[in-house]
file run-v9.txt (compact mmCIF, C-alpha atoms)
# COMPACT_ATOMS: atom_id res chain seq x y z
CA MET U 1358 40.12 41.11 13.16
CA ARG U 1359 37.22 43.48 13.84
CA PHE U 1360 35.12 40.67 15.24
CA ALA U 1361 37.99 39.61 17.48
CA LEU U 1362 38.27 43.13 18.90
CA THR U 1363 34.55 43.65 19.43
CA GLY U 1364 33.78 40.10 20.46
CA GLY U 1365 36.84 40.03 22.67
CA ALA U 1366 35.75 43.21 24.45
CA ALA U 1367 32.23 41.83 25.00
CA THR U 1368 33.56 38.44 26.09
CA LEU U 1369 36.05 40.01 28.51
CA ALA U 1370 33.29 42.18 29.96
CA HIS U 1371 31.07 39.10 30.31
CA LEU U 1372 33.80 37.13 32.05
CA ALA U 1373 34.82 40.01 34.33
CA VAL U 1374 31.25 40.62 35.50
CA ALA U 1375 30.52 36.90 35.91
CA MET U 1376 33.73 36.32 37.89
CA LEU U 1377 33.06 39.31 40.12
CA LEU U 1378 29.53 38.15 40.85
CA ILE U 1379 30.69 34.59 41.56
CA GLN U 1380 33.29 36.00 43.98
CA LEU U 1381 30.45 37.92 45.65
CA ASP U 1382 28.63 34.59 46.15
CA VAL U 1383 26.03 35.15 43.44
CA GLN U 1384 24.94 31.83 41.96
CA PRO U 1385 26.97 31.21 38.76
CA LEU U 1386 23.91 30.83 36.51
CA VAL U 1387 22.49 34.13 37.80
CA GLY U 1388 25.84 35.89 37.53
CA ASN U 1389 26.23 34.57 34.01
CA ALA U 1390 22.83 35.98 33.05
CA VAL U 1391 23.68 39.44 34.41
CA ALA U 1392 27.06 39.31 32.66
CA PHE U 1393 25.34 38.33 29.42
CA ALA U 1394 23.05 41.36 29.54
CA ILE U 1395 26.01 43.72 29.86
CA ALA U 1396 28.01 41.93 27.18
CA PHE U 1397 24.98 41.98 24.87
CA LEU U 1398 24.96 45.78 24.84
CA ILE U 1399 28.69 45.99 24.21
CA SER U 1400 28.51 43.33 21.53
CA PHE U 1401 25.58 44.75 19.59
CA LEU U 1402 26.89 48.29 19.54
CA GLY U 1403 30.40 47.19 18.67
CA HIS U 1404 29.31 44.79 15.94
CA HIS U 1405 26.78 47.16 14.43
CA LEU U 1406 29.01 50.24 14.48
CA PHE U 1407 32.40 48.60 13.88
CA THR U 1408 32.62 44.90 13.00
CA PHE U 1409 29.85 44.65 10.42
CA ALA U 1410 29.37 48.37 9.71
CA GLY U 1411 30.17 48.05 6.01
CA HIS U 1412 27.56 45.36 5.37
CA GLY U 1413 24.79 47.86 4.69
CA ALA U 1414 22.26 46.48 7.17
CA ALA U 1415 20.10 48.92 9.16
CA ALA U 1416 19.95 48.74 12.98
CA SER U 1417 16.18 48.29 12.75
CA ARG U 1418 16.84 44.95 11.04
CA THR U 1419 20.03 43.89 12.80
CA LEU U 1420 18.89 44.42 16.41
CA PRO U 1421 16.04 41.89 16.27
CA ARG U 1422 18.23 39.42 14.41
CA PHE U 1423 21.15 39.91 16.77
CA THR U 1424 18.79 39.49 19.72
CA VAL U 1425 17.79 36.08 18.35
CA VAL U 1426 21.44 35.16 17.74
CA ALA U 1427 22.50 36.33 21.20
CA GLY U 1428 19.53 34.56 22.78
CA VAL U 1429 20.50 31.28 21.13
CA GLY U 1430 24.09 31.81 22.25
CA PHE U 1431 22.98 32.61 25.78
CA LEU U 1432 20.72 29.57 25.96
CA GLY U 1433 23.58 27.34 24.84
CA ASN U 1434 25.90 29.08 27.30
CA GLU U 1435 23.52 28.56 30.23
CA ILE U 1436 22.83 24.93 29.34
CA LEU U 1437 26.52 24.11 29.01
CA LEU U 1438 27.29 26.02 32.21
CA PHE U 1439 24.53 24.15 34.04
CA LEU U 1440 25.90 20.81 32.85
CA LEU U 1441 29.48 21.71 33.75
CA LEU U 1442 28.47 22.94 37.19
CA ASN U 1443 26.50 19.77 37.88
CA THR U 1444 29.44 17.50 37.08
CA GLY U 1445 31.46 19.18 39.80
CA ALA U 1446 34.59 18.39 37.80
CA ILE U 1447 35.70 22.01 37.35
CA ALA U 1448 35.46 25.24 39.31
CA PRO U 1449 32.55 27.58 38.53
CA GLU U 1450 34.95 30.18 37.11
CA ALA U 1451 36.43 27.65 34.67
CA ALA U 1452 32.95 26.51 33.70
CA VAL U 1453 31.96 30.11 32.89
CA VAL U 1454 35.09 30.56 30.74
CA LEU U 1455 34.40 27.35 28.80
CA SER U 1456 30.68 27.96 28.27
CA THR U 1457 31.22 31.60 27.30
CA GLY U 1458 33.93 30.68 24.80
CA CYS U 1459 31.63 28.19 23.09
CA ALA U 1460 28.84 30.76 22.93
CA ALA U 1461 31.16 33.40 21.45
CA ALA U 1462 32.13 31.11 18.57
CA SER U 1463 28.54 30.27 17.65
CA THR U 1464 27.46 33.90 17.99
CA PHE U 1465 30.14 34.98 15.52
CA MET U 1466 28.99 32.56 12.83
CA LEU U 1467 25.31 33.41 13.20
CA SER U 1468 26.05 37.15 13.35
CA ARG U 1469 28.16 37.13 10.22
CA ARG U 1470 25.88 34.88 8.17
CA TRP U 1471 22.50 36.21 9.26
CA ALA U 1472 22.15 38.98 11.87
CA PHE U 1473 24.45 41.51 10.19
CA ALA U 1474 24.25 40.22 6.62
CA GLY U 1475 23.77 43.05 4.12
CA SER U 1476 20.67 43.51 2.03
CA ALA U 1477 22.07 41.45 -0.84
CA ARG U 1478 22.83 38.54 1.43
CA MET U 1479 20.66 36.02 3.35
CA GLN U 1480 17.57 37.86 4.52

call {"tool": "encode", "arguments": {"input": "run-v9.txt", "output": "structure tokens"}}
result
Amino acid sequence: MRFALTGGAATLAHLAVAMLLIQLDVQPLVGNAVAFAIAFLISFLGHHLFTFAGHGAAASRTLPRFTVVAGVGFLGNEILLFLLLNTGAIAPEAAVVLSTGCAAASTFMLSRRWAFAGSARMQ
């Protein structure tokens, strides 16, 4: 439930910023990158302070790990977005929603199992 709240807030921020930038005629891949940067800050702080707070992992260890996790998620997001945009089958806004949703799911699993794992867990 905590992940859903934090991840949902970060995902909604990502989508809101991306949609706004697309409406302002910013290229979708660029808008997605800007939106990711904002969502990254919301996500890390929320996950570190709320979602995974009881896992006993220090920020000095979780930030680099979460940066890797988020980077992998962002790379997958951008690749999927690029592919969806190039098919021309769906609107850019729908492509952003789909690619961001896929990235959110993978980010959760990697965050839980590695980035925010406590000291007794996978290091």

call {"tool": "closest_residue", "arguments": {"input": "run-v9.txt", "among": "U:Ala1367, U:Leu1442, U:Leu1467, U:Val1426", "to": "Ala1394 in chain U", "atoms": "only C-alpha atoms"}}
result
U:Ala1367

call {"tool": "closest_residue", "arguments": {"input": "run-v9.txt", "among": "U:Ala1452, U:Ala1416, U:Ala1427, U:Leu1406", "to": "Met1376 in chain U", "atoms": "all atoms listed in the file"}}
result
U:Ala1452

call {"tool": "atom_distance", "arguments": {"input": "run-v9.txt", "atom1": "CA of Val1391 in chain U", "atom2": "CA of Arg1422 in chain U"}}
result
20.7 Å

call {"tool": "residues_near_point", "arguments": {"input": "run-v9.txt", "point": "(25.1, 43.0, 11.3)", "cutoff": "12 Å", "atoms": "only C-alpha atoms", "output": "ChimeraX atom specification"}}
result
/U:1360,1400-1424,1426,1464-1476,1478-1480

call {"tool": "atom_distance", "arguments": {"input": "run-v9.txt", "atom1": "CA of Leu1362 in chain U", "atom2": "CA of Pro1385 in chain U"}}
result
25.8 Å

call {"tool": "closest_residue", "arguments": {"input": "run-v9.txt", "among": "U:Gly1458, U:Gly1364, U:Pro1449, U:Gly1430", "to": "Ile1399 in chain U", "atoms": "only C-alpha atoms"}}
result
U:Gly1364

call {"tool": "atom_distance", "arguments": {"input": "run-v9.txt", "atom1": "CA of Val1454 in chain U", "atom2": "CA of Leu1432 in chain U"}}
result
15.2 Å

call {"tool": "decode", "arguments": {"input": "run-v9.txt", "residues": "range 1411-1422 of chain U", "atoms": "all heavy atoms", "output": "compact mmCIF listing (two decimals), in the first residue's frame"}}
result
# COMPACT_ATOMS: atom_id res chain seq x y z
N GLY U 1411 11.24 1.33 7.05
CA GLY U 1411 11.53 0.35 8.08
C GLY U 1411 12.54 -0.72 7.69
O GLY U 1411 12.80 -1.63 8.47
N HIS U 1412 13.12 -0.62 6.53
CA HIS U 1412 14.04 -1.66 6.06
C HIS U 1412 15.46 -1.48 6.57
O HIS U 1412 16.31 -2.32 6.32
CB HIS U 1412 14.02 -1.72 4.53
CG HIS U 1412 12.74 -2.29 4.01
ND1 HIS U 1412 12.72 -3.33 3.14
CD2 HIS U 1412 11.45 -1.98 4.25
CE1 HIS U 1412 11.46 -3.63 2.86
NE2 HIS U 1412 10.67 -2.81 3.53
N GLY U 1413 15.74 -0.41 7.25
CA GLY U 1413 17.04 -0.22 7.88
C GLY U 1413 18.18 0.15 6.95
O GLY U 1413 19.34 0.03 7.33
N ALA U 1414 17.90 0.59 5.74
CA ALA U 1414 18.97 0.94 4.81
C ALA U 1414 19.22 2.45 4.83
O ALA U 1414 18.29 3.25 4.82
CB ALA U 1414 18.59 0.50 3.40
N ALA U 1415 20.49 2.84 4.90
CA ALA U 1415 20.86 4.25 4.95
C ALA U 1415 20.72 4.91 3.58
O ALA U 1415 20.92 4.27 2.55
CB ALA U 1415 22.30 4.38 5.43
N ALA U 1416 20.41 6.21 3.58
CA ALA U 1416 20.28 6.96 2.32
C ALA U 1416 21.58 6.94 1.52
O ALA U 1416 21.55 6.91 0.29
CB ALA U 1416 19.86 8.40 2.61
N SER U 1417 22.71 6.90 2.20
CA SER U 1417 23.99 6.87 1.49
C SER U 1417 24.15 5.59 0.66
O SER U 1417 24.91 5.57 -0.30
CB SER U 1417 25.15 6.99 2.48
OG SER U 1417 25.14 5.92 3.39
N ARG U 1418 23.44 4.54 1.03
CA ARG U 1418 23.46 3.31 0.24
C ARG U 1418 22.29 3.24 -0.72
O ARG U 1418 22.42 2.74 -1.83
CB ARG U 1418 23.46 2.08 1.13
CG ARG U 1418 23.82 0.84 0.32
CD ARG U 1418 23.80 -0.42 1.12
NE ARG U 1418 22.43 -0.92 1.00
CZ ARG U 1418 21.81 -1.64 1.88
NH1 ARG U 1418 22.40 -1.97 2.98
NH2 ARG U 1418 20.58 -2.03 1.69
N THR U 1419 21.12 3.73 -0.30
CA THR U 1419 19.94 3.58 -1.14
C THR U 1419 19.91 4.55 -2.32
O THR U 1419 19.41 4.18 -3.38
CB THR U 1419 18.64 3.73 -0.32
OG1 THR U 1419 18.61 5.01 0.31
CG2 THR U 1419 18.53 2.63 0.72
N LEU U 1420 20.45 5.76 -2.17
CA LEU U 1420 20.41 6.71 -3.29
C LEU U 1420 21.17 6.20 -4.51
O LEU U 1420 20.62 6.20 -5.61
CB LEU U 1420 20.90 8.10 -2.87
CG LEU U 1420 20.89 9.15 -3.99
CD1 LEU U 1420 19.50 9.32 -4.58
CD2 LEU U 1420 21.42 10.47 -3.47
N PRO U 1421 22.40 5.73 -4.37
CA PRO U 1421 23.07 5.20 -5.56
C PRO U 1421 22.34 4.00 -6.16
O PRO U 1421 22.22 3.89 -7.39
CB PRO U 1421 24.46 4.79 -5.06
CG PRO U 1421 24.67 5.56 -3.81
CD PRO U 1421 23.31 5.76 -3.21
N ARG U 1422 21.84 3.13 -5.30
CA ARG U 1422 21.12 1.96 -5.81
C ARG U 1422 19.82 2.38 -6.49
O ARG U 1422 19.48 1.87 -7.56
CB ARG U 1422 20.80 0.99 -4.67
CG ARG U 1422 22.01 0.25 -4.17
CD ARG U 1422 21.61 -0.69 -3.07
NE ARG U 1422 22.73 -1.48 -2.64
CZ ARG U 1422 22.64 -2.69 -2.11
NH1 ARG U 1422 21.47 -3.23 -1.91
NH2 ARG U 1422 23.72 -3.35 -1.75
